Amino acid sequence: MQDLGAIIFHDMSVFQGLTLILASFAGSFITIALGIGGGAMLLAVMASILPAAALIPLHGVIQLGSNATRAIMMWRETYWQPLVGFSVGAIIGAALGGSIAVNLPPALVQIGVGLFIIWSVLAKPPRWLSHVSWAAGGVSSFLTMFFGATGPFVASYIKALSLPRHAHTATQAVAMTVQHGLKTTIFAMFGFAFWPWIPFLIAMILAGALGTWAGKFVLNWQSDARYGTWLNYALIAVALRLIWGGITSLA
């Protein structure tokens with residue numbers, strides 16, 4: 001079992017690795033079934049186990065796989081018109097954010113991720129951003145280089161388009177695929193070593209694909225509010241733990 005942890009889970013324990021795989025499945029399931037929240041949930045779990053320096057780059061690759069799977073599954077429902085402007089803004093925002101994010105101290109990453117998760121649960125982006133595709137892409141992609149889970153931010157922009165439920169989910173999946181693809185590319189350009197994590201990343205992406213497949217079956221269910229409320233409570237609890245851990249490290 002120790003060899004399994006060393007080969008697949010990059011020296012994490014088998015229990016820790018399996019916990020993250022289950023979280024990847026659950027995160028993708030939540031995102032497609034409820035429309036939002038799975039990426040932040042996965043980020044919170046990963047932040048409690050992985051080194052802070054590896055957290056945002058690895059989360060980006062896993063979310064790239066999860067969103068690409070969802071985009072492929074729902075390709076026909078995608079609303080393409082706003083995605084060109086979003087992508088242009090995303091390129092600019094990710095490039096600017098990447099030049100800063102790689103130098104952040106781990107404790108500040110923990111505190112920043114915790115605060116951002118709380119913000120994503122309790123607040124909303126400025127209303128005007130929801131109507132300007134390039135600004136939504138630029139701001140959200142800049143933020144994702146630091147804090148990872150900008151799904152709630154992008155979802156508020158997609159929501160302003162007033163799309164049907166399936167089109168909303170598909171369009172958001174394509175937008176997030178673009179964003180996480182750019183993020184992964186930029187972290188690789190700045191020297192993050194993804195290769196030692198490849199077996200772990202493959203396992204996480206496959207688990208996320210299974211979660212997407214399973215979650216698609218409940219996409220039309222109308223019980224979002226109850227699940228969303230409990231998810232928000234869990235996210236805030238984990239975010240507070242991350243903030244406390246970061247403050248403790250700085251002290």
# chains A, B, ... in the order shown; residues from 1 in each chain; ligands from 1

$ residues_around --residues "Ala214 of chain A" --least-positions-apart "6" --cutoff "10 Å" --atoms "only C-alpha atoms" --output "list of chain:residue names"
A:Phe25, A:Ala26, A:Ser28, A:Phe29, A:Ile30, A:Ile32, A:Ala33, A:Gly208

$ write_last_selection --atoms "N, CA, C and O atoms" --output "mmCIF file, in the first residue's frame"
data_model
loop_
_atom_site.group_PDB
_atom_site.id
_atom_site.type_symbol
_atom_site.label_atom_id
_atom_site.label_comp_id
_atom_site.auth_asym_id
_atom_site.auth_seq_id
_atom_site.Cartn_x
_atom_site.Cartn_y
_atom_site.Cartn_z
ATOM 1 N N PHE A 25 -14.755 13.186 -7.730
ATOM 2 C CA PHE A 25 -16.044 12.647 -8.199
ATOM 3 C C PHE A 25 -17.193 13.520 -7.701
ATOM 4 O O PHE A 25 -18.062 13.932 -8.477
ATOM 5 N N ALA A 26 -17.189 13.819 -6.400
ATOM 6 C CA ALA A 26 -18.274 14.601 -5.804
ATOM 7 C C ALA A 26 -18.324 16.017 -6.376
ATOM 8 O O ALA A 26 -19.402 16.561 -6.626
ATOM 9 N N SER A 28 -17.383 17.128 -9.390
ATOM 10 C CA SER A 28 -17.957 17.128 -10.736
ATOM 11 C C SER A 28 -19.447 16.827 -10.698
ATOM 12 O O SER A 28 -20.230 17.418 -11.454
ATOM 13 N N PHE A 29 -19.842 15.916 -9.821
ATOM 14 C CA PHE A 29 -21.264 15.579 -9.680
ATOM 15 C C PHE A 29 -22.051 16.813 -9.244
ATOM 16 O O PHE A 29 -23.108 17.128 -9.807
ATOM 17 N N ILE A 30 -21.531 17.523 -8.249
ATOM 18 C CA ILE A 30 -22.229 18.715 -7.727
ATOM 19 C C ILE A 30 -22.324 19.797 -8.799
ATOM 20 O O ILE A 30 -23.368 20.422 -8.970
ATOM 21 N N ILE A 32 -22.377 19.642 -12.139
ATOM 22 C CA ILE A 32 -23.336 19.428 -13.217
ATOM 23 C C ILE A 32 -24.763 19.263 -12.682
ATOM 24 O O ILE A 32 -25.723 19.683 -13.317
ATOM 25 N N ALA A 33 -24.902 18.710 -11.483
ATOM 26 C CA ALA A 33 -26.241 18.497 -10.928
ATOM 27 C C ALA A 33 -26.842 19.775 -10.376
ATOM 28 O O ALA A 33 -28.047 20.020 -10.528
ATOM 29 N N GLY A 208 -13.447 12.578 -11.826
ATOM 30 C CA GLY A 208 -14.289 13.706 -12.182
ATOM 31 C C GLY A 208 -15.187 13.404 -13.364
ATOM 32 O O GLY A 208 -16.357 13.823 -13.401
#

$ select_by_dssp --residues "segment 4-247 of chain A" --states "helix (DSSP H, G or I)" --output "ChimeraX atom specification"
/A:4-7,14-34,38-47,52-73,75-77,83-101,106-122,127-131,133-147,151-159,165-189,195-216,224-247

$ residues_around --residues "segment 54-56 of chain A" --least-positions-apart "4" --cutoff "10 Å" --atoms "only C-alpha atoms" --output "list in words"
Leu43, Ala44, Met46, Ala47, Ser48, Ile49, Leu50, Gly60, Val61, Ala101, Val102, Pro106, Val109, Gln110, Val113, Thr144, Met145, Phe146, Phe147, Gly148, Ala149, Lys183, Thr184, Phe187, Phe192, Ala193, Phe194 and Trp197 of chain A

$ write_last_selection --atoms "C-alpha atoms" --output "PDB file, in the first residue's frame"
ATOM      1  CA  LEU A  43     -10.369  23.133  -3.831  1.00  0.00           C
ATOM      2  CA  ALA A  44     -11.224  23.237  -0.136  1.00  0.00           C
ATOM      3  CA  MET A  46      -7.327  19.654  -1.731  1.00  0.00           C
ATOM      4  CA  ALA A  47      -6.106  22.624   0.326  1.00  0.00           C
ATOM      5  CA  SER A  48      -6.340  20.545   3.496  1.00  0.00           C
ATOM      6  CA  ILE A  49      -4.059  17.815   2.074  1.00  0.00           C
ATOM      7  CA  LEU A  50      -1.775  19.106  -0.700  1.00  0.00           C
ATOM      8  CA  GLY A  60      -6.376  23.820 -12.523  1.00  0.00           C
ATOM      9  CA  VAL A  61      -5.464  20.614 -14.377  1.00  0.00           C
ATOM     10  CA  ALA A 101       0.850  34.117  -8.418  1.00  0.00           C
ATOM     11  CA  VAL A 102       3.969  31.939  -8.658  1.00  0.00           C
ATOM     12  CA  PRO A 106       2.067  29.356   0.877  1.00  0.00           C
ATOM     13  CA  VAL A 109      -2.329  31.228  -0.611  1.00  0.00           C
ATOM     14  CA  GLN A 110      -4.217  29.439   2.187  1.00  0.00           C
ATOM     15  CA  VAL A 113      -8.249  30.710  -0.963  1.00  0.00           C
ATOM     16  CA  THR A 144      -8.166  32.075 -10.767  1.00  0.00           C
ATOM     17  CA  MET A 145      -4.372  32.259 -10.911  1.00  0.00           C
ATOM     18  CA  PHE A 146      -4.405  33.073  -7.174  1.00  0.00           C
ATOM     19  CA  PHE A 147      -7.518  31.416  -5.781  1.00  0.00           C
ATOM     20  CA  GLY A 148      -8.447  28.607  -8.167  1.00  0.00           C
ATOM     21  CA  ALA A 149     -12.222  28.245  -7.942  1.00  0.00           C
ATOM     22  CA  LYS A 183      -4.011  28.626 -16.262  1.00  0.00           C
ATOM     23  CA  THR A 184      -2.352  25.229 -16.685  1.00  0.00           C
ATOM     24  CA  PHE A 187       1.926  27.611 -14.681  1.00  0.00           C
ATOM     25  CA  PHE A 192       5.723  24.224 -12.226  1.00  0.00           C
ATOM     26  CA  ALA A 193       6.681  20.515 -12.463  1.00  0.00           C
ATOM     27  CA  PHE A 194       3.497  18.660 -13.412  1.00  0.00           C
ATOM     28  CA  TRP A 197       1.865  14.339 -10.418  1.00  0.00           C
TER      29      TRP A 197
END

$ closest_atom_pairs --of "segment 138-196 of chain A" --to "segment 76-88 of chain A" --cutoff "12 Å" --atoms "only C-alpha atoms" --output "JSON lines"
{"residue": "A:Gly138", "atom": "CA", "partner": "A:Phe86", "partner_atom": "CA", "distance": 7.3}
{"residue": "A:Val139", "atom": "CA", "partner": "A:Phe86", "partner_atom": "CA", "distance": 10.0}
{"residue": "A:Ser140", "atom": "CA", "partner": "A:Phe86", "partner_atom": "CA", "distance": 9.7}
{"residue": "A:Ser141", "atom": "CA", "partner": "A:Ser87", "partner_atom": "CA", "distance": 9.4}
{"residue": "A:Val154", "atom": "CA", "partner": "A:Phe86", "partner_atom": "CA", "distance": 9.8}
{"residue": "A:Tyr157", "atom": "CA", "partner": "A:Phe86", "partner_atom": "CA", "distance": 10.0}
{"residue": "A:Ile158", "atom": "CA", "partner": "A:Pro82", "partner_atom": "CA", "distance": 9.1}
{"residue": "A:Ala160", "atom": "CA", "partner": "A:Pro82", "partner_atom": "CA", "distance": 11.3}
{"residue": "A:Leu161", "atom": "CA", "partner": "A:Pro82", "partner_atom": "CA", "distance": 9.0}
{"residue": "A:Ser162", "atom": "CA", "partner": "A:Tyr79", "partner_atom": "CA", "distance": 10.9}
{"residue": "A:Leu163", "atom": "CA", "partner": "A:Tyr79", "partner_atom": "CA", "distance": 8.3}
{"residue": "A:Pro164", "atom": "CA", "partner": "A:Glu77", "partner_atom": "CA", "distance": 9.2}
{"residue": "A:Arg165", "atom": "CA", "partner": "A:Glu77", "partner_atom": "CA", "distance": 9.5}
{"residue": "A:His166", "atom": "CA", "partner": "A:Glu77", "partner_atom": "CA", "distance": 6.3}
{"residue": "A:Ala167", "atom": "CA", "partner": "A:Glu77", "partner_atom": "CA", "distance": 4.8}
{"residue": "A:His168", "atom": "CA", "partner": "A:Thr78", "partner_atom": "CA", "distance": 7.6}
{"residue": "A:Thr169", "atom": "CA", "partner": "A:Thr78", "partner_atom": "CA", "distance": 8.1}
{"residue": "A:Ala170", "atom": "CA", "partner": "A:Thr78", "partner_atom": "CA", "distance": 5.0}
{"residue": "A:Thr171", "atom": "CA", "partner": "A:Thr78", "partner_atom": "CA", "distance": 4.8}
{"residue": "A:Gln172", "atom": "CA", "partner": "A:Thr78", "partner_atom": "CA", "distance": 8.5}
{"residue": "A:Ala173", "atom": "CA", "partner": "A:Thr78", "partner_atom": "CA", "distance": 8.7}
{"residue": "A:Val174", "atom": "CA", "partner": "A:Thr78", "partner_atom": "CA", "distance": 7.8}
{"residue": "A:Ala175", "atom": "CA", "partner": "A:Leu83", "partner_atom": "CA", "distance": 6.6}
{"residue": "A:Met176", "atom": "CA", "partner": "A:Ser87", "partner_atom": "CA", "distance": 9.8}
{"residue": "A:Thr177", "atom": "CA", "partner": "A:Ser87", "partner_atom": "CA", "distance": 10.1}
{"residue": "A:Val178", "atom": "CA", "partner": "A:Ser87", "partner_atom": "CA", "distance": 6.7}
{"residue": "A:Gln179", "atom": "CA", "partner": "A:Ser87", "partner_atom": "CA", "distance": 7.6}
{"residue": "A:His180", "atom": "CA", "partner": "A:Ser87", "partner_atom": "CA", "distance": 11.1}
{"residue": "A:Gly181", "atom": "CA", "partner": "A:Ser87", "partner_atom": "CA", "distance": 10.8}
{"residue": "A:Leu182", "atom": "CA", "partner": "A:Ser87", "partner_atom": "CA", "distance": 9.4}

$ write_last_selection --atoms "N, CA, C and O atoms" --output "compact mmCIF listing (two decimals), in the first residue's frame"
# COMPACT_ATOMS: atom_id res chain seq x y z
N GLY A 138 -11.51 38.34 -18.29
CA GLY A 138 -10.25 38.88 -17.78
C GLY A 138 -10.16 38.87 -16.27
O GLY A 138 -9.18 38.40 -15.68
N VAL A 139 -11.20 39.38 -15.61
CA VAL A 139 -11.18 39.46 -14.15
C VAL A 139 -11.17 38.07 -13.53
O VAL A 139 -10.40 37.78 -12.61
N SER A 140 -12.05 37.19 -14.01
CA SER A 140 -12.13 35.85 -13.42
C SER A 140 -10.85 35.06 -13.65
O SER A 140 -10.40 34.30 -12.78
N SER A 141 -10.23 35.22 -14.82
CA SER A 141 -8.99 34.48 -15.11
C SER A 141 -7.82 35.04 -14.32
O SER A 141 -6.91 34.30 -13.93
N VAL A 154 -17.83 33.08 -12.77
CA VAL A 154 -18.20 32.85 -14.17
C VAL A 154 -19.67 32.51 -14.28
O VAL A 154 -20.35 32.93 -15.22
N TYR A 157 -21.87 35.48 -14.58
CA TYR A 157 -21.85 36.06 -15.92
C TYR A 157 -22.75 35.25 -16.87
O TYR A 157 -23.57 35.81 -17.61
N ILE A 158 -22.62 33.92 -16.83
CA ILE A 158 -23.44 33.08 -17.70
C ILE A 158 -24.93 33.23 -17.34
O ILE A 158 -25.79 33.25 -18.23
N ALA A 160 -26.45 35.84 -16.42
CA ALA A 160 -26.97 37.08 -17.00
C ALA A 160 -27.42 36.90 -18.44
O ALA A 160 -28.18 37.71 -18.97
N LEU A 161 -26.97 35.81 -19.08
CA LEU A 161 -27.37 35.54 -20.46
C LEU A 161 -28.77 34.94 -20.54
O LEU A 161 -29.32 34.80 -21.63
N SER A 162 -29.33 34.55 -19.38
CA SER A 162 -30.69 34.00 -19.29
C SER A 162 -30.88 32.79 -20.20
O SER A 162 -31.85 32.70 -20.96
N LEU A 163 -29.96 31.86 -20.10
CA LEU A 163 -30.02 30.65 -20.92
C LEU A 163 -30.84 29.56 -20.23
O LEU A 163 -30.95 29.55 -19.01
N PRO A 164 -31.39 28.61 -21.00
CA PRO A 164 -32.00 27.43 -20.39
C PRO A 164 -30.97 26.66 -19.57
O PRO A 164 -29.75 26.81 -19.78
N ARG A 165 -31.44 25.81 -18.67
CA ARG A 165 -30.56 25.12 -17.72
C ARG A 165 -29.43 24.35 -18.41
O ARG A 165 -28.27 24.46 -18.04
N HIS A 166 -29.76 23.56 -19.44
CA HIS A 166 -28.74 22.78 -20.11
C HIS A 166 -27.74 23.68 -20.84
O HIS A 166 -26.54 23.42 -20.83
N ALA A 167 -28.23 24.73 -21.49
CA ALA A 167 -27.35 25.65 -22.20
C ALA A 167 -26.44 26.40 -21.23
O ALA A 167 -25.26 26.65 -21.52
N HIS A 168 -26.98 26.77 -20.06
CA HIS A 168 -26.18 27.43 -19.03
C HIS A 168 -25.02 26.52 -18.62
O HIS A 168 -23.85 26.95 -18.58
N THR A 169 -25.32 25.28 -18.30
CA THR A 169 -24.29 24.34 -17.84
C THR A 169 -23.24 24.10 -18.92
O THR A 169 -22.04 24.08 -18.64
N ALA A 170 -23.67 23.92 -20.17
CA ALA A 170 -22.74 23.65 -21.27
C ALA A 170 -21.86 24.87 -21.55
O ALA A 170 -20.64 24.73 -21.73
N THR A 171 -22.44 26.06 -21.58
CA THR A 171 -21.68 27.27 -21.88
C THR A 171 -20.67 27.57 -20.79
O THR A 171 -19.52 27.95 -21.06
N GLN A 172 -21.08 27.39 -19.54
CA GLN A 172 -20.14 27.58 -18.44
C GLN A 172 -19.00 26.57 -18.51
O GLN A 172 -17.84 26.91 -18.23
N ALA A 173 -19.29 25.34 -18.90
CA ALA A 173 -18.25 24.32 -19.00
C ALA A 173 -17.20 24.70 -20.02
O ALA A 173 -15.99 24.54 -19.79
N VAL A 174 -17.62 25.24 -21.17
CA VAL A 174 -16.66 25.66 -22.19
C VAL A 174 -15.83 26.84 -21.69
O VAL A 174 -14.61 26.89 -21.86
N ALA A 175 -16.48 27.82 -21.06
CA ALA A 175 -15.76 28.98 -20.54
C ALA A 175 -14.72 28.56 -19.51
O ALA A 175 -13.57 29.04 -19.53
N MET A 176 -15.08 27.63 -18.62
CA MET A 176 -14.14 27.19 -17.59
C MET A 176 -13.03 26.32 -18.18
O MET A 176 -11.90 26.31 -17.68
N THR A 177 -13.32 25.59 -19.25
CA THR A 177 -12.28 24.82 -19.94
C THR A 177 -11.22 25.75 -20.50
O THR A 177 -10.02 25.51 -20.38
N VAL A 178 -11.67 26.84 -21.14
CA VAL A 178 -10.73 27.84 -21.66
C VAL A 178 -9.89 28.41 -20.52
O VAL A 178 -8.65 28.51 -20.61
N GLN A 179 -10.55 28.79 -19.44
CA GLN A 179 -9.86 29.44 -18.33
C GLN A 179 -8.83 28.51 -17.68
O GLN A 179 -7.68 28.90 -17.47
N HIS A 180 -9.23 27.28 -17.38
CA HIS A 180 -8.30 26.36 -16.72
C HIS A 180 -7.21 25.88 -17.68
O HIS A 180 -6.08 25.58 -17.24
N GLY A 181 -7.51 25.82 -18.98
CA GLY A 181 -6.48 25.48 -19.95
C GLY A 181 -5.39 26.54 -20.00
O GLY A 181 -4.19 26.22 -20.02
N LEU A 182 -5.80 27.80 -19.98
CA LEU A 182 -4.83 28.89 -19.95
C LEU A 182 -4.02 28.87 -18.66
O LEU A 182 -2.80 29.07 -18.67

$ residues_around --residues "segment 18-23 of chain A" --least-positions-apart "3" --cutoff "9 Å" --atoms "only C-alpha atoms" --output "compact mmCIF listing (two decimals) with N, CA, C and O atoms, in the first residue's frame"
# COMPACT_ATOMS: atom_id res chain seq x y z
N PHE A 9 -0.15 8.48 -5.74
CA PHE A 9 -0.56 9.63 -4.93
C PHE A 9 0.58 10.54 -4.54
O PHE A 9 0.45 11.36 -3.64
N SER A 13 -0.57 9.55 1.68
CA SER A 13 -1.06 8.25 2.11
C SER A 13 -2.17 7.80 1.18
O SER A 13 -2.79 8.61 0.48
N VAL A 14 -2.42 6.49 1.15
CA VAL A 14 -3.51 5.96 0.33
C VAL A 14 -4.84 6.57 0.76
O VAL A 14 -5.69 6.90 -0.08
N PHE A 15 -5.04 6.72 2.06
CA PHE A 15 -6.28 7.32 2.55
C PHE A 15 -6.46 8.74 2.03
O PHE A 15 -7.54 9.12 1.57
N ALA A 26 -17.19 13.82 -6.40
CA ALA A 26 -18.27 14.60 -5.80
C ALA A 26 -18.32 16.02 -6.38
O ALA A 26 -19.40 16.56 -6.63
N GLY A 27 -17.15 16.63 -6.59
CA GLY A 27 -17.12 17.99 -7.12
C GLY A 27 -17.73 18.07 -8.51
O GLY A 27 -18.52 18.98 -8.80
N SER A 28 -17.38 17.13 -9.39
CA SER A 28 -17.96 17.13 -10.74
C SER A 28 -19.45 16.83 -10.70
O SER A 28 -20.23 17.42 -11.45
N GLY A 38 -18.97 22.77 -7.18
CA GLY A 38 -18.11 21.61 -7.10
C GLY A 38 -16.63 21.95 -7.11
O GLY A 38 -15.84 21.35 -6.39
N MET A 41 -15.64 23.27 -3.69
CA MET A 41 -15.61 22.17 -2.72
C MET A 41 -14.34 21.34 -2.88
O MET A 41 -13.66 21.02 -1.90
N LEU A 42 -14.00 21.01 -4.13
CA LEU A 42 -12.78 20.24 -4.38
C LEU A 42 -11.55 21.01 -3.93
O LEU A 42 -10.64 20.45 -3.32
N VAL A 45 -11.08 20.80 -0.16
CA VAL A 45 -10.56 19.50 0.29
C VAL A 45 -9.08 19.37 -0.08
O VAL A 45 -8.26 18.92 0.74
N MET A 46 -8.73 19.74 -1.30
CA MET A 46 -7.33 19.65 -1.73
C MET A 46 -6.42 20.52 -0.87
O MET A 46 -5.30 20.13 -0.55
N ILE A 49 -4.94 18.98 2.22
CA ILE A 49 -4.06 17.81 2.07
C ILE A 49 -2.79 18.14 1.29
O ILE A 49 -1.69 17.74 1.69
N PHE A 200 -1.48 10.77 -10.39
CA PHE A 200 -2.51 11.32 -9.51
C PHE A 200 -3.52 12.14 -10.31
O PHE A 200 -4.74 12.02 -10.11
N ALA A 203 -5.90 9.92 -12.27
CA ALA A 203 -6.92 9.33 -11.40
C ALA A 203 -7.99 10.35 -11.02
O ALA A 203 -9.19 10.05 -11.01
N MET A 204 -7.58 11.58 -10.74
CA MET A 204 -8.53 12.62 -10.36
C MET A 204 -9.43 13.00 -11.53
O MET A 204 -10.64 13.21 -11.36
N ILE A 205 -8.88 13.10 -12.73
CA ILE A 205 -9.67 13.47 -13.90
C ILE A 205 -10.67 12.36 -14.24
O ILE A 205 -11.83 12.64 -14.58
N LEU A 206 -10.24 11.10 -14.15
CA LEU A 206 -11.17 9.99 -14.41
C LEU A 206 -12.31 9.98 -13.40
O LEU A 206 -13.48 9.75 -13.75
N ALA A 207 -11.98 10.24 -12.13
CA ALA A 207 -13.02 10.30 -11.09
C ALA A 207 -13.99 11.45 -11.39
O ALA A 207 -15.21 11.31 -11.23
N GLY A 208 -13.45 12.58 -11.83
CA GLY A 208 -14.29 13.71 -12.18
C GLY A 208 -15.19 13.40 -13.36
O GLY A 208 -16.36 13.82 -13.40

$ atom_distance --atom1 "atom CA of Ala107 of chain A" --atom2 "atom CA of Leu143 of chain A"
17.2 Å

$ atom_distance --atom1 "atom CA of His59 of chain A" --atom2 "atom CA of Lys159 of chain A"
24.0 Å

$ decode --residues "segment 144-224 of chain A" --atoms "C-alpha atoms" --output "CSV table (one decimal), in the first residue's frame"
chain,number,residue,atom,x,y,z
A,144,THR,CA,-8.2,32.1,-10.8
A,145,MET,CA,-4.4,32.3,-10.9
A,146,PHE,CA,-4.4,33.1,-7.2
A,147,PHE,CA,-7.5,31.4,-5.8
A,148,GLY,CA,-8.4,28.6,-8.2
A,149,ALA,CA,-12.2,28.2,-7.9
A,150,THR,CA,-13.8,31.1,-9.9
A,151,GLY,CA,-16.8,29.0,-11.0
A,152,PRO,CA,-19.3,31.1,-9.0
A,153,PHE,CA,-17.9,34.3,-10.6
A,154,VAL,CA,-18.2,32.9,-14.2
A,155,ALA,CA,-21.6,31.4,-13.4
A,156,SER,CA,-22.9,34.8,-12.5
A,157,TYR,CA,-21.9,36.1,-15.9
A,158,ILE,CA,-23.4,33.1,-17.7
A,159,LYS,CA,-26.6,33.5,-15.6
A,160,ALA,CA,-27.0,37.1,-17.0
A,161,LEU,CA,-27.4,35.5,-20.5
A,162,SER,CA,-30.7,34.0,-19.3
A,163,LEU,CA,-30.0,30.7,-20.9
A,164,PRO,CA,-32.0,27.4,-20.4
A,165,ARG,CA,-30.6,25.1,-17.7
A,166,HIS,CA,-28.7,22.8,-20.1
A,167,ALA,CA,-27.3,25.7,-22.2
A,168,HIS,CA,-26.2,27.4,-19.0
A,169,THR,CA,-24.3,24.3,-17.8
A,170,ALA,CA,-22.7,23.7,-21.3
A,171,THR,CA,-21.7,27.3,-21.9
A,172,GLN,CA,-20.1,27.6,-18.4
A,173,ALA,CA,-18.2,24.3,-19.0
A,174,VAL,CA,-16.7,25.7,-22.2
A,175,ALA,CA,-15.8,29.0,-20.5
A,176,MET,CA,-14.1,27.2,-17.6
A,177,THR,CA,-12.3,24.8,-19.9
A,178,VAL,CA,-10.7,27.8,-21.7
A,179,GLN,CA,-9.9,29.4,-18.3
A,180,HIS,CA,-8.3,26.4,-16.7
A,181,GLY,CA,-6.5,25.5,-19.9
A,182,LEU,CA,-4.8,28.9,-20.0
A,183,LYS,CA,-4.0,28.6,-16.3
A,184,THR,CA,-2.4,25.2,-16.7
A,185,THR,CA,-0.3,26.5,-19.7
A,186,ILE,CA,0.9,29.5,-17.8
A,187,PHE,CA,1.9,27.6,-14.7
A,188,ALA,CA,3.9,25.2,-16.9
A,189,MET,CA,5.6,28.1,-18.6
A,190,PHE,CA,6.6,29.5,-15.2
A,191,GLY,CA,8.2,26.2,-14.3
A,192,PHE,CA,5.7,24.2,-12.2
A,193,ALA,CA,6.7,20.5,-12.5
A,194,PHE,CA,3.5,18.7,-13.4
A,195,TRP,CA,5.2,15.4,-14.4
A,196,PRO,CA,5.6,13.8,-11.0
A,197,TRP,CA,1.9,14.3,-10.4
A,198,ILE,CA,0.7,12.8,-13.7
A,199,PRO,CA,-0.6,9.4,-12.2
A,200,PHE,CA,-2.5,11.3,-9.5
A,201,LEU,CA,-3.9,13.8,-12.0
A,202,ILE,CA,-5.1,11.0,-14.3
A,203,ALA,CA,-6.9,9.3,-11.4
A,204,MET,CA,-8.5,12.6,-10.4
A,205,ILE,CA,-9.7,13.5,-13.9
A,206,LEU,CA,-11.2,10.0,-14.4
A,207,ALA,CA,-13.0,10.3,-11.1
A,208,GLY,CA,-14.3,13.7,-12.2
A,209,ALA,CA,-15.5,12.3,-15.5
A,210,LEU,CA,-17.5,9.6,-13.7
A,211,GLY,CA,-18.9,12.3,-11.4
A,212,THR,CA,-20.0,14.3,-14.5
A,213,TRP,CA,-21.6,11.3,-16.1
A,214,ALA,CA,-23.5,10.5,-12.9
A,215,GLY,CA,-24.5,14.1,-12.2
A,216,LYS,CA,-26.0,14.5,-15.7
A,217,PHE,CA,-28.8,12.1,-14.7
A,218,VAL,CA,-30.0,14.5,-12.0
A,219,LEU,CA,-29.5,17.8,-14.0
A,220,ASN,CA,-33.3,18.2,-14.3
A,221,TRP,CA,-34.1,17.6,-10.7
A,222,GLN,CA,-35.4,20.7,-8.8
A,223,SER,CA,-33.9,20.1,-5.3
A,224,ASP,CA,-31.0,22.6,-5.8
